[in-house]
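Take a look at the structure below.
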Amino acid sequence: MPINVFPWPPVGVVAAEWTSTQPVARLRSGLSGRDVMQASQRKRRLASLEVSALAHGRDGAGYCEALKELLEGGIHAVRLLSTPVNWFLDESDRRAGRGDPRAAALRAGQPLAWFVGAAAPAGPAVAEGQFWLLPISGASTITRAARPGDFVRLYNPANRNVWQSLRVIAVRRHPLSGAVTLKVDRQPTIANGVVDLAGQDEGVFRVDGPLPRSVQPVTGDWRYSWSFREVFADEVGGFTERPNTWI
């Protein structure tokens with residue numbers, strides 16, 4: 001039976017973590033004596049969020065209590081987006097697009113498709129060892145295109161619903177032309193795409209452990225500490241998205 005997947009409520013997050021885990025099994029060969037390590041389970045993302053009760057109009061505590069009811073003890077899940085590596089210092093710059101957001105024209109005569117943050121056309125990707133090099137144009141005026149560990153999204157400019165998340169390993173900028181090439185962790189699968197430099201990773205998560213509790217003090221703010229572990233559709237019989245929960 002599918003589980004419900006709720007969007008994350010519009011609360012004020014004051015601390016965040018986005019990472020992954022991949023358990024491995026360690027074996028020792030009886031013939032050679034060598035250690036052999038291999039993945040024993042699939043890779044999963046982990047997320048932690050600290051929510052202020054009083055931020056965003058003092059609605060944080062109410063949203064958290066409502067979400068706890070909807071999750072029914074942890075049966076159901078939430079859809080989460082990652083935060084930048086330097087989330088506190090870089091978030092405002094990323095959301096502002098480091099200047100005017102760039103637009104990618106779908107085709108001549110059609111409206112422009114606006115992307116969150118700074119978007120730049122991507123050139124052909126080239127393999128370099130186990131990584132891929134993705135050149136982007138029009139980024140010379142951007143103070144910093146990305147940081148190592150950040151996520152970017154590669155969109156199909158003709159259909160914004162088609163996108164791929166890529167993790168940046170390194171950023172190369174030509175010292176004279178200012179041209180930028182992103183070294184990413186996987187092969188880009190969208191040709192002639194547009195790179196959203198404020199893109200985020202995304203996944204479906206269940207609460208890891210008990211649902212959070214928080215005691216309201218006489219004065220001052222208080223927090224809800226959420227810990228999440230990624231869950232996959234084939235493990236739970238599918239997902240039923242509930243996108244308009246908080247509207």
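Each chain in the structure tokens gets a letter, A, B, ..., in the order shown, and its residues are numbered from 1; ligands are numbered from 1 in order too.
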
Which residues of segment 115-209 of chain A sit at most 6 Å from segment 224-238 of chain A, using only C-alpha atoms? Give each one's shortest atom pair and distance in Å (one decimal place), in chain and ascending residue order, as CSV.
residue,atom,partner,partner_atom,distance
A:Val204,CA,A:Glu230,CA,5.7
A:Phe205,CA,A:Glu230,CA,4.2
A:Arg206,CA,A:Phe228,CA,5.5
A:Val207,CA,A:Phe228,CA,4.4
A:Asp208,CA,A:Phe228,CA,4.8

Residues near Trp8 of chain A, cut-off 10 Å, only C-alpha atoms, skip fewer than 2 positions along chain, as a ChimeraX atom specification: /A:5-6,10-11,63-64,67,77-81,243,245-246

Backbone-only DSSP, helix (DSSP H, G or I) members of segment 25-92 of chain A, as a VMD selection string: chain A and resid 55 to 58 60 to 74 87 to 92

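Shortest separation to Arg147 of chain A among A:Gln200, A:Gly209, A:Pro84, A:Arg160 occurs at residue A:Pro84, atoms counted being only C-alpha atoms.
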
One-decimal distance in Å that lies between atom CA of Pro7 of chain A and atom CA of Val162 of chain A: 19.6 Å
